[in-house]
>>> print(open('run.json').read())   # JSON, C-alpha atoms
[["chain", "number", "residue", "atom", "x", "y", "z"],
["A", 1, "MET", "CA", 70.84, 38.05, -49.99],
["A", 2, "THR", "CA", 68.08, 40.27, -51.24],
["A", 3, "MET", "CA", 64.61, 40.14, -49.79],
["A", 4, "ARG", "CA", 62.02, 38.83, -52.15],
["A", 5, "SER", "CA", 59.11, 41.21, -52.27],
["A", 6, "ASN", "CA", 55.55, 40.02, -52.24],
["A", 7, "HIS", "CA", 54.74, 40.42, -55.92],
["A", 8, "ASP", "CA", 57.88, 38.47, -56.88],
["A", 9, "MET", "CA", 56.34, 35.03, -56.67],
["A", 10, "GLY", "CA", 57.93, 33.14, -59.56],
["A", 11, "GLY", "CA", 59.07, 29.68, -58.47],
["A", 12, "LEU", "CA", 57.36, 29.65, -55.09],
["A", 13, "ALA", "CA", 55.07, 26.86, -54.03],
["A", 14, "ALA", "CA", 51.35, 27.51, -54.46],
["A", 15, "GLY", "CA", 48.14, 25.56, -54.61],
["A", 16, "ARG", "CA", 46.47, 23.74, -57.45],
["A", 17, "LEU", "CA", 45.36, 25.96, -60.28],
["A", 18, "THR", "CA", 41.71, 26.24, -61.15],
["A", 19, "PRO", "CA", 41.59, 27.80, -64.62],
["A", 20, "ARG", "CA", 38.98, 30.36, -63.69],
["A", 21, "GLU", "CA", 37.72, 32.89, -66.18],
["A", 22, "HIS", "CA", 36.54, 36.25, -65.05],
["A", 23, "GLU", "CA", 33.75, 38.40, -66.34],
["A", 24, "TYR", "CA", 35.11, 41.90, -66.05],
["A", 25, "GLU", "CA", 32.89, 44.26, -64.10],
["A", 26, "PRO", "CA", 32.10, 47.56, -65.81],
["A", 27, "TRP", "CA", 34.06, 49.48, -63.19],
["A", 28, "GLU", "CA", 37.08, 47.22, -63.76],
["A", 29, "LYS", "CA", 37.00, 47.96, -67.47],
["A", 30, "ARG", "CA", 36.87, 51.66, -66.71],
["A", 31, "VAL", "CA", 39.91, 51.34, -64.45],
["A", 32, "ASP", "CA", 41.67, 49.63, -67.33],
["A", 33, "ALA", "CA", 40.55, 52.42, -69.64],
["A", 34, "LEU", "CA", 41.92, 55.03, -67.20],
["A", 35, "MET", "CA", 45.28, 53.33, -67.36],
["A", 36, "MET", "CA", 45.24, 53.19, -71.16],
["A", 37, "LEU", "CA", 44.17, 56.81, -71.54],
["A", 38, "LEU", "CA", 46.64, 58.16, -68.97],
["A", 39, "SER", "CA", 49.54, 56.19, -70.43],
["A", 40, "SER", "CA", 48.74, 57.09, -74.04],
["A", 41, "LYS", "CA", 51.37, 58.81, -76.13],
["A", 42, "GLN", "CA", 49.56, 62.16, -76.19],
["A", 43, "ARG", "CA", 49.01, 62.26, -72.40],
["A", 44, "GLN", "CA", 51.93, 60.40, -70.78],
["A", 45, "LEU", "CA", 50.61, 60.92, -67.27],
["A", 46, "LEU", "CA", 51.32, 57.38, -66.11],
["A", 47, "THR", "CA", 53.79, 54.69, -67.07],
["A", 48, "VAL", "CA", 53.42, 50.96, -66.57],
["A", 49, "ASP", "CA", 56.47, 51.13, -64.32],
["A", 50, "GLU", "CA", 54.80, 53.66, -62.04],
["A", 51, "LEU", "CA", 51.70, 51.51, -61.90],
["A", 52, "ARG", "CA", 53.79, 48.53, -60.91],
["A", 53, "ARG", "CA", 55.91, 50.44, -58.43],
["A", 54, "ASN", "CA", 52.82, 51.64, -56.61],
["A", 55, "ILE", "CA", 51.33, 48.15, -56.62],
["A", 56, "GLU", "CA", 54.55, 46.64, -55.36],
["A", 57, "ALA", "CA", 54.68, 49.23, -52.57],
["A", 58, "LEU", "CA", 51.53, 47.72, -51.11],
["A", 59, "GLY", "CA", 52.12, 45.68, -47.99],
["A", 60, "ALA", "CA", 51.89, 41.92, -48.42],
["A", 61, "ASP", "CA", 48.57, 41.83, -46.56],
["A", 62, "ALA", "CA", 46.98, 44.50, -48.68],
["A", 63, "TYR", "CA", 48.37, 42.97, -51.87],
["A", 64, "ASP", "CA", 46.81, 39.62, -51.13],
["A", 65, "ARG", "CA", 43.55, 41.02, -49.82],
["A", 66, "MET", "CA", 42.87, 43.37, -52.69],
["A", 67, "THR", "CA", 41.56, 42.25, -56.03],
["A", 68, "TYR", "CA", 43.50, 42.90, -59.19],
["A", 69, "TYR", "CA", 41.68, 46.10, -60.23],
["A", 70, "GLU", "CA", 41.55, 47.37, -56.66],
["A", 71, "ARG", "CA", 45.34, 47.29, -56.77],
["A", 72, "TRP", "CA", 45.33, 49.06, -60.11],
["A", 73, "MET", "CA", 42.96, 51.75, -58.90],
["A", 74, "HIS", "CA", 45.09, 52.27, -55.84],
["A", 75, "ALA", "CA", 48.19, 52.63, -58.02],
["A", 76, "ILE", "CA", 46.53, 54.98, -60.52],
["A", 77, "GLY", "CA", 45.36, 57.21, -57.65],
["A", 78, "GLN", "CA", 48.82, 57.19, -56.08],
["A", 79, "THR", "CA", 50.56, 58.00, -59.37],
["A", 80, "LEU", "CA", 48.24, 60.91, -60.12],
["A", 81, "ILE", "CA", 48.81, 62.30, -56.62],
["A", 82, "GLN", "CA", 52.58, 61.80, -56.85],
["A", 83, "ARG", "CA", 52.65, 63.62, -60.17],
["A", 84, "GLY", "CA", 50.46, 66.42, -58.88],
["A", 85, "VAL", "CA", 47.77, 65.79, -61.50],
["A", 86, "ILE", "CA", 45.23, 65.63, -58.68],
["A", 87, "ASN", "CA", 45.72, 66.31, -55.01],
["A", 88, "ILE", "CA", 44.69, 64.14, -52.15],
["A", 89, "ASP", "CA", 42.27, 66.68, -50.70],
["A", 90, "GLU", "CA", 40.25, 67.13, -53.86],
["A", 91, "LEU", "CA", 40.19, 63.37, -54.31],
["A", 92, "GLY", "CA", 38.95, 62.90, -50.75],
["A", 93, "ARG", "CA", 36.29, 65.58, -51.23],
["A", 94, "ARG", "CA", 35.12, 64.12, -54.52],
["A", 95, "MET", "CA", 34.89, 60.65, -53.01],
["A", 96, "GLU", "CA", 32.76, 62.10, -50.20],
["A", 97, "GLU", "CA", 30.48, 63.67, -52.79],
["A", 98, "VAL", "CA", 30.10, 60.32, -54.56],
["A", 99, "ARG", "CA", 29.19, 58.69, -51.24],
["A", 100, "ALA", "CA", 26.78, 61.46, -50.35],
["A", 101, "ALA", "CA", 25.04, 60.91, -53.69],
["A", 102, "GLY", "CA", 24.41, 57.29, -52.78],
["A", 103, "GLY", "CA", 27.77, 55.67, -53.47],
["A", 104, "PRO", "CA", 28.99, 53.73, -56.50],
["A", 105, "ASP", "CA", 25.79, 51.74, -56.94],
["A", 106, "ALA", "CA", 23.78, 54.92, -57.35],
["A", 107, "ALA", "CA", 26.19, 56.59, -59.75],
["A", 108, "VAL", "CA", 25.20, 56.86, -63.37],
["A", 109, "ASN", "CA", 28.51, 55.94, -64.82],
["A", 110, "GLN", "CA", 28.11, 56.45, -68.50],
["B", 1, "MET", "CA", 53.12, 63.63, -49.20],
["B", 2, "SER", "CA", 52.80, 60.47, -47.23],
["B", 3, "GLU", "CA", 51.43, 57.45, -48.98],
["B", 4, "PRO", "CA", 48.40, 55.97, -47.33],
["B", 5, "HIS", "CA", 49.52, 52.43, -46.80],
["B", 6, "ASP", "CA", 46.72, 51.56, -44.51],
["B", 7, "HIS", "CA", 43.88, 50.20, -46.53],
["B", 8, "ARG", "CA", 41.27, 50.16, -43.85],
["B", 9, "HIS", "CA", 39.76, 53.36, -44.96],
["B", 10, "GLY", "CA", 38.01, 56.25, -43.36],
["B", 11, "ARG", "CA", 34.69, 54.50, -43.13],
["B", 12, "ASP", "CA", 34.12, 51.34, -41.19],
["B", 13, "ASP", "CA", 31.06, 50.46, -43.19],
["B", 14, "GLU", "CA", 32.76, 50.64, -46.57],
["B", 15, "ASP", "CA", 34.35, 47.51, -47.97],
["B", 16, "SER", "CA", 37.38, 47.51, -50.20],
["B", 17, "VAL", "CA", 35.55, 47.17, -53.51],
["B", 18, "SER", "CA", 33.15, 49.99, -52.66],
["B", 19, "TYR", "CA", 36.09, 52.17, -51.72],
["B", 20, "TYR", "CA", 37.89, 51.61, -55.02],
["B", 21, "ARG", "CA", 34.73, 51.88, -57.09],
["B", 22, "THR", "CA", 34.12, 55.20, -55.39],
["B", 23, "MET", "CA", 37.69, 56.23, -56.13],
["B", 24, "GLU", "CA", 37.31, 55.28, -59.79],
["B", 25, "ILE", "CA", 34.25, 57.51, -60.16],
["B", 26, "ALA", "CA", 35.97, 60.35, -58.30],
["B", 27, "VAL", "CA", 39.24, 60.14, -60.25],
["B", 28, "ARG", "CA", 37.45, 59.86, -63.57],
["B", 29, "SER", "CA", 35.25, 62.88, -62.88],
["B", 30, "LEU", "CA", 38.23, 64.97, -61.70],
["B", 31, "LEU", "CA", 40.23, 64.11, -64.82],
["B", 32, "ILE", "CA", 37.29, 64.92, -67.09],
["B", 33, "GLU", "CA", 36.89, 68.28, -65.31],
["B", 34, "LYS", "CA", 40.57, 69.02, -65.79],
["B", 35, "GLY", "CA", 40.21, 68.32, -69.49],
["B", 36, "ILE", "CA", 42.63, 65.40, -69.47],
["B", 37, "PHE", "CA", 40.12, 63.26, -71.31],
["B", 38, "SER", "CA", 36.40, 63.23, -71.96],
["B", 39, "ALA", "CA", 33.66, 60.86, -70.87],
["B", 40, "GLN", "CA", 33.46, 59.81, -74.48],
["B", 41, "ASP", "CA", 37.17, 58.89, -74.50],
["B", 42, "VAL", "CA", 36.50, 56.52, -71.60],
["B", 43, "ARG", "CA", 33.47, 54.99, -73.31],
["B", 44, "ARG", "CA", 35.35, 54.50, -76.57],
["B", 45, "THR", "CA", 38.31, 52.94, -74.81],
["B", 46, "VAL", "CA", 36.06, 50.44, -73.04],
["B", 47, "GLU", "CA", 34.26, 49.63, -76.30],
["B", 48, "ALA", "CA", 37.55, 49.07, -78.10],
["B", 49, "MET", "CA", 38.63, 46.79, -75.24],
["B", 50, "ASP", "CA", 35.41, 44.78, -75.60],
["B", 51, "GLY", "CA", 36.11, 44.40, -79.30],
["B", 52, "ARG", "CA", 39.60, 42.93, -78.83],
["B", 53, "ASN", "CA", 39.91, 39.24, -78.21],
["B", 54, "TYR", "CA", 42.10, 36.33, -79.19],
["B", 55, "SER", "CA", 40.65, 36.23, -82.71],
["B", 56, "ARG", "CA", 43.37, 38.77, -83.52],
["B", 57, "GLY", "CA", 46.06, 36.39, -82.38],
["B", 58, "ALA", "CA", 44.36, 33.56, -84.23],
["B", 59, "ARG", "CA", 44.46, 35.61, -87.42],
["B", 60, "VAL", "CA", 48.21, 36.08, -87.06],
["B", 61, "VAL", "CA", 48.77, 32.38, -86.44],
["B", 62, "ALA", "CA", 46.58, 31.22, -89.33],
["B", 63, "HIS", "CA", 48.47, 33.57, -91.63],
["B", 64, "ALA", "CA", 51.80, 32.22, -90.42],
["B", 65, "TRP", "CA", 50.60, 28.64, -90.98],
["B", 66, "GLN", "CA", 49.71, 29.46, -94.57],
["B", 67, "ASP", "CA", 52.66, 31.62, -95.52],
["B", 68, "GLY", "CA", 56.15, 30.40, -94.67],
["B", 69, "ALA", "CA", 57.82, 33.72, -95.46],
["B", 70, "TYR", "CA", 55.40, 35.51, -93.15],
["B", 71, "ARG", "CA", 56.05, 32.92, -90.46],
["B", 72, "ALA", "CA", 59.79, 33.64, -90.69],
["B", 73, "ARG", "CA", 59.17, 37.39, -90.40],
["B", 74, "LEU", "CA", 56.83, 36.82, -87.45],
["B", 75, "LEU", "CA", 59.44, 34.83, -85.56],
["B", 76, "ALA", "CA", 62.18, 37.33, -86.41],
["B", 77, "ASN", "CA", 60.22, 40.45, -85.40],
["B", 78, "GLY", "CA", 56.78, 39.89, -83.93],
["B", 79, "THR", "CA", 55.93, 43.57, -83.59],
["B", 80, "ALA", "CA", 56.65, 44.38, -87.25],
["B", 81, "ALA", "CA", 54.93, 41.25, -88.58],
["B", 82, "VAL", "CA", 51.74, 41.88, -86.61],
["B", 83, "GLU", "CA", 51.69, 45.50, -87.75],
["B", 84, "GLU", "CA", 52.03, 44.22, -91.31],
["B", 85, "LEU", "CA", 48.51, 42.81, -90.85],
["B", 86, "GLY", "CA", 47.22, 46.23, -89.83],
["B", 87, "MET", "CA", 47.10, 45.64, -86.06],
["B", 88, "GLN", "CA", 48.86, 48.01, -83.69],
["B", 89, "VAL", "CA", 51.19, 46.55, -81.08],
["B", 90, "GLY", "CA", 52.11, 49.81, -79.37],
["B", 91, "PRO", "CA", 55.47, 50.67, -77.85],
["B", 92, "LEU", "CA", 56.26, 47.06, -76.97],
["B", 93, "LYS", "CA", 58.47, 44.31, -78.22],
["B", 94, "LEU", "CA", 56.30, 41.37, -79.22],
["B", 95, "VAL", "CA", 58.10, 38.04, -79.35],
["B", 96, "VAL", "CA", 56.41, 35.08, -81.01],
["B", 97, "VAL", "CA", 57.75, 31.70, -79.93],
["B", 98, "GLU", "CA", 57.19, 28.64, -82.07],
["B", 99, "ASN", "CA", 56.12, 25.24, -80.84],
["B", 100, "THR", "CA", 57.80, 22.27, -82.53],
["B", 101, "PRO", "CA", 57.59, 18.52, -81.96],
["B", 102, "ALA", "CA", 60.56, 18.95, -79.59],
["B", 103, "VAL", "CA", 59.73, 22.23, -77.80],
["B", 104, "HIS", "CA", 56.51, 23.51, -76.27],
["B", 105, "ASN", "CA", 56.31, 27.15, -75.13],
["B", 106, "VAL", "CA", 54.30, 28.65, -72.28],
["B", 107, "VAL", "CA", 53.88, 32.33, -71.40],
["B", 108, "VAL", "CA", 53.59, 33.86, -67.94],
["B", 109, "CYS", "CA", 54.22, 37.14, -66.16],
["B", 110, "THR", "CA", 55.53, 36.18, -62.73],
["B", 111, "LEU", "CA", 55.80, 39.75, -61.47],
["B", 112, "CYS", "CA", 52.36, 41.03, -62.46],
["B", 113, "SER", "CA", 50.09, 40.31, -65.40],
["B", 114, "CYS", "CA", 51.78, 41.44, -68.61],
["B", 115, "TYR", "CA", 49.90, 39.75, -71.45],
["B", 116, "PRO", "CA", 49.80, 40.24, -75.22],
["B", 117, "ARG", "CA", 46.45, 41.99, -74.88],
["B", 118, "MET", "CA", 46.73, 43.64, -78.29],
["B", 119, "LEU", "CA", 46.38, 40.12, -79.74],
["B", 120, "LEU", "CA", 44.43, 38.23, -77.06],
["B", 121, "GLY", "CA", 42.31, 40.84, -75.28],
["B", 122, "LEU", "CA", 42.21, 41.11, -71.50],
["B", 123, "PRO", "CA", 43.87, 38.27, -69.58],
["B", 124, "PRO", "CA", 41.78, 35.58, -67.90],
["B", 125, "ASP", "CA", 41.72, 35.41, -64.12],
["B", 126, "TRP", "CA", 43.96, 32.39, -63.88],
["B", 127, "TYR", "CA", 46.76, 34.14, -65.76],
["B", 128, "LYS", "CA", 46.92, 36.69, -62.94],
["B", 129, "SER", "CA", 46.59, 34.14, -60.14],
["B", 130, "ARG", "CA", 49.24, 33.39, -57.56],
["B", 131, "GLU", "CA", 49.02, 29.69, -58.44],
["B", 132, "TYR", "CA", 49.86, 30.22, -62.10],
["B", 133, "ARG", "CA", 52.51, 32.89, -61.62],
["B", 134, "SER", "CA", 54.31, 31.02, -58.88],
["B", 135, "ARG", "CA", 54.24, 27.50, -60.17],
["B", 136, "VAL", "CA", 54.43, 27.58, -63.95],
["B", 137, "VAL", "CA", 58.11, 28.52, -63.97],
["B", 138, "ARG", "CA", 59.01, 25.68, -61.61],
["B", 139, "GLU", "CA", 56.66, 22.87, -62.50],
["B", 140, "PRO", "CA", 55.12, 23.68, -65.86],
["B", 141, "ARG", "CA", 54.03, 20.09, -66.51],
["B", 142, "ALA", "CA", 52.01, 19.98, -63.31],
["B", 143, "VAL", "CA", 50.42, 23.33, -64.16],
["B", 144, "LEU", "CA", 49.60, 22.17, -67.69],
["B", 145, "ALA", "CA", 48.00, 19.10, -66.12],
["B", 146, "ASP", "CA", 45.73, 21.46, -64.14],
["B", 147, "PHE", "CA", 44.51, 22.59, -67.57],
["B", 148, "GLY", "CA", 44.10, 19.01, -68.74],
["B", 149, "THR", "CA", 47.06, 19.40, -71.08],
["B", 150, "ALA", "CA", 49.52, 16.51, -71.24],
["B", 151, "LEU", "CA", 52.69, 16.55, -73.34],
["B", 152, "PRO", "CA", 54.98, 13.65, -74.19],
["B", 153, "ALA", "CA", 57.82, 13.27, -71.67],
["B", 154, "ASP", "CA", 60.48, 13.99, -74.28],
["B", 155, "VAL", "CA", 59.08, 17.42, -75.19],
["B", 156, "THR", "CA", 61.02, 20.32, -73.68],
["B", 157, "ILE", "CA", 58.79, 22.90, -72.05],
["B", 158, "ARG", "CA", 60.11, 26.43, -72.28],
["B", 159, "VAL", "CA", 58.49, 29.07, -70.07],
["B", 160, "HIS", "CA", 58.75, 32.74, -71.06],
["B", 161, "ASP", "CA", 58.40, 35.44, -68.40],
["B", 162, "SER", "CA", 56.88, 38.63, -69.80],
["B", 163, "THR", "CA", 57.75, 42.17, -68.80],
["B", 164, "ALA", "CA", 56.09, 45.55, -69.09],
["B", 165, "ASP", "CA", 58.01, 46.10, -72.34],
["B", 166, "MET", "CA", 58.15, 42.61, -73.79],
["B", 167, "ARG", "CA", 55.19, 40.34, -74.47],
["B", 168, "TYR", "CA", 55.10, 36.81, -75.77],
["B", 169, "MET", "CA", 52.66, 34.86, -77.86],
["B", 170, "VAL", "CA", 52.94, 31.19, -78.77],
["B", 171, "LEU", "CA", 52.79, 30.03, -82.39],
["B", 172, "PRO", "CA", 51.17, 26.59, -81.96],
["B", 173, "MET", "CA", 51.86, 23.67, -84.26],
["B", 174, "ARG", "CA", 49.46, 23.37, -87.14],
["B", 175, "PRO", "CA", 47.34, 20.23, -86.73],
["B", 176, "PRO", "CA", 47.98, 17.75, -89.57],
["B", 177, "ALA", "CA", 44.24, 17.36, -90.23],
["B", 178, "SER", "CA", 44.05, 21.01, -91.29],
["B", 179, "ALA", "CA", 45.85, 20.58, -94.60],
["B", 180, "GLY", "CA", 44.34, 22.66, -97.36],
["B", 181, "GLU", "CA", 42.03, 24.65, -95.10],
["B", 182, "SER", "CA", 41.18, 28.33, -95.58],
["B", 183, "ALA", "CA", 42.37, 31.00, -93.15],
["B", 184, "ALA", "CA", 38.88, 31.19, -91.64],
["B", 185, "GLN", "CA", 38.80, 27.42, -91.08],
["B", 186, "LEU", "CA", 42.25, 27.49, -89.51],
["B", 187, "GLU", "CA", 41.31, 30.35, -87.20],
["B", 188, "ARG", "CA", 38.42, 28.34, -85.83],
["B", 189, "ARG", "CA", 40.79, 25.62, -84.67],
["B", 190, "ILE", "CA", 42.82, 28.04, -82.58],
["B", 191, "SER", "CA", 42.03, 28.57, -78.90],
["B", 192, "ARG", "CA", 43.17, 31.41, -76.70],
["B", 193, "ASP", "CA", 44.93, 29.03, -74.34],
["B", 194, "ALA", "CA", 46.91, 27.55, -77.23],
["B", 195, "LEU", "CA", 48.30, 31.05, -77.83],
["B", 196, "VAL", "CA", 49.40, 31.27, -74.18],
["B", 197, "GLY", "CA", 50.72, 27.71, -74.27],
["B", 198, "THR", "CA", 48.49, 26.15, -71.63],
["B", 199, "ALA", "CA", 46.73, 24.13, -74.31],
["B", 200, "VAL", "CA", 47.71, 22.45, -77.55],
["B", 201, "ILE", "CA", 45.71, 22.21, -80.74],
["B", 202, "ASP", "CA", 45.24, 18.51, -81.24],
["B", 203, "ARG", "CA", 42.57, 18.60, -83.90]]
>>> encode(input="run.json", output="structure tokens")
Amino acid sequence: MTMRSNHDMGGLAAGRLTPREHEYEPWEKRVDALMMLLSSKQRQLLTVDELRRNIEALGADAYDRMTYYERWMHAIGQTLIQRGVINIDELGRRMEEVRAAGGPDAAVNQ
Amino acid sequence: MSEPHDHRHGRDDEDSVSYYRTMEIAVRSLLIEKGIFSAQDVRRTVEAMDGRNYSRGARVVAHAWQDGAYRARLLANGTAAVEELGMQVGPLKLVVVENTPAVHNVVVCTLCSCYPRMLLGLPPDWYKSREYRSRVVREPRAVLADFGTALPADVTIRVHDSTADMRYMVLPMRPPASAGESAAQLERRISRDALVGTAVIDR
């Protein structure tokens, strides 16, 4: 028998559904835009399968704790590192710079 | 390269959303520096996203309601029929499933959140929820009841599980009261949830 992995939830019991809508945060839309741009025909730096593989590689705890676009951002970062488009050190350094400049709330995003 | 699977990050005072928002800014700026895309590309992509909503799907459905030959083409090849109306589907197979008095269709993506976003825009929260993904394939009637949607007991409910490469949209039944209406009038009757199958159009 194969192990069911955490994302594979079809048919399992779960609670009552509250049909909640969601106002997308600006940063979430930008994460979505990153995915669309990177996966576009002219760039081909990310496939939906890579995105999913990196999301599915999250531990069950992390998967459930993280929000939808946190999982996406994690997977986009992982894919870009795996493909060598960016490296983990420059990403770490750049994140430190963003923090030093006051963090995401202080950033002028567009 | 080891994959950082521990998501309690370097800083104790940084919560998960701050961490990933910081990562988004960092990744975006690195990719802009490397010339992979421009800041304007990101802005335009977000604006295009904001401009896409289920009115596109409603346009397809209203057209199919008015034109039987188009309806047949839509059911035979959703991708081609939607592109006929000047909308791009992308490198996906779009399958349109038709509700009838005997069969009601519902769309889900149990494994993630695949959604016909080229026709409906970004998916609502509930579509991505554990409750919907887990339960709709096993007890669709109970899930529809959570939406306030009740179907006669003799209607078969067919649930379609989307994939990264194949997306579904429901072609709802045209309400009888809509006879003779214009495309614009028909489109106003159509709800997003009717195109996912969690609602019906009863008037």
>>> interface_residues(input="run.json", of="chain B", to="chain A", cutoff="6 Å", atoms="only C-alpha atoms", output="PyMOL selection string")
chain B and resi 20+22+26+45-46+110-111+124-126+131+133-135+137-138+146
>>> residues_near_point(input="run.json", point="(56.9, 38.2, -68.8)", cutoff="12 Å", atoms="all atoms listed in the file", output="count of residues only")
33
>>> atom_distance(input="run.json", atom1="CA of Asp154 in chain B", atom2="CA of Ala69 in chain B")
29.1 Å
>>> residues_around(input="run.json", residues="Ile201 in chain B", least_positions_apart="5", cutoff="9 Å", atoms="all atoms listed in the file", output="NGL selection string")
:B and (172-175 or 189-191 or 194)
>>> atom_distance(input="run.json", atom1="CA of Asn53 in chain B", atom2="CA of Leu122 in chain B")
7.3 Å
>>> build_atoms(input="run.json", residues="range 65-85 of chain A", atoms="N, CA and C atoms", output="compact mmCIF listing (two decimals), in the coordinates of the input")
# COMPACT_ATOMS: atom_id res chain seq x y z
N ARG A 65 44.97 40.82 -50.13
CA ARG A 65 43.55 41.02 -49.82
C ARG A 65 42.83 41.70 -50.98
N MET A 66 43.52 42.59 -51.64
CA MET A 66 42.87 43.37 -52.69
C MET A 66 42.73 42.57 -53.97
N THR A 67 41.69 42.88 -54.73
CA THR A 67 41.56 42.25 -56.03
C THR A 67 42.48 42.98 -57.02
N TYR A 68 42.60 42.37 -58.17
CA TYR A 68 43.50 42.90 -59.19
C TYR A 68 43.22 44.37 -59.51
N TYR A 69 41.97 44.72 -59.83
CA TYR A 69 41.68 46.10 -60.23
C TYR A 69 41.60 47.04 -59.03
N GLU A 70 41.40 46.51 -57.84
CA GLU A 70 41.55 47.37 -56.66
C GLU A 70 43.01 47.82 -56.56
N ARG A 71 43.92 46.91 -56.80
CA ARG A 71 45.34 47.29 -56.77
C ARG A 71 45.65 48.31 -57.86
N TRP A 72 45.09 48.10 -59.02
CA TRP A 72 45.33 49.06 -60.11
C TRP A 72 44.78 50.43 -59.75
N MET A 73 43.56 50.46 -59.21
CA MET A 73 42.96 51.75 -58.90
C MET A 73 43.77 52.47 -57.84
N HIS A 74 44.22 51.69 -56.86
CA HIS A 74 45.09 52.27 -55.84
C HIS A 74 46.33 52.91 -56.50
N ALA A 75 46.94 52.17 -57.42
CA ALA A 75 48.19 52.63 -58.02
C ALA A 75 47.96 53.83 -58.95
N ILE A 76 46.84 53.83 -59.66
CA ILE A 76 46.53 54.98 -60.52
C ILE A 76 46.34 56.23 -59.65
N GLY A 77 45.57 56.09 -58.57
CA GLY A 77 45.36 57.21 -57.65
C GLY A 77 46.69 57.72 -57.09
N GLN A 78 47.52 56.81 -56.64
CA GLN A 78 48.82 57.19 -56.08
C GLN A 78 49.68 57.92 -57.12
N THR A 79 49.72 57.39 -58.33
CA THR A 79 50.56 58.00 -59.37
C THR A 79 50.09 59.42 -59.67
N LEU A 80 48.77 59.58 -59.79
CA LEU A 80 48.24 60.91 -60.12
C LEU A 80 48.54 61.91 -59.00
N ILE A 81 48.49 61.43 -57.76
CA ILE A 81 48.81 62.30 -56.62
C ILE A 81 50.31 62.62 -56.62
N GLN A 82 51.13 61.59 -56.84
CA GLN A 82 52.58 61.80 -56.85
C GLN A 82 53.00 62.77 -57.94
N ARG A 83 52.30 62.73 -59.06
CA ARG A 83 52.65 63.62 -60.17
C ARG A 83 51.99 64.99 -60.04
N GLY A 84 51.13 65.14 -59.06
CA GLY A 84 50.46 66.42 -58.88
C GLY A 84 49.34 66.67 -59.89
N VAL A 85 48.89 65.62 -60.56
CA VAL A 85 47.77 65.79 -61.50
C VAL A 85 46.48 66.04 -60.71
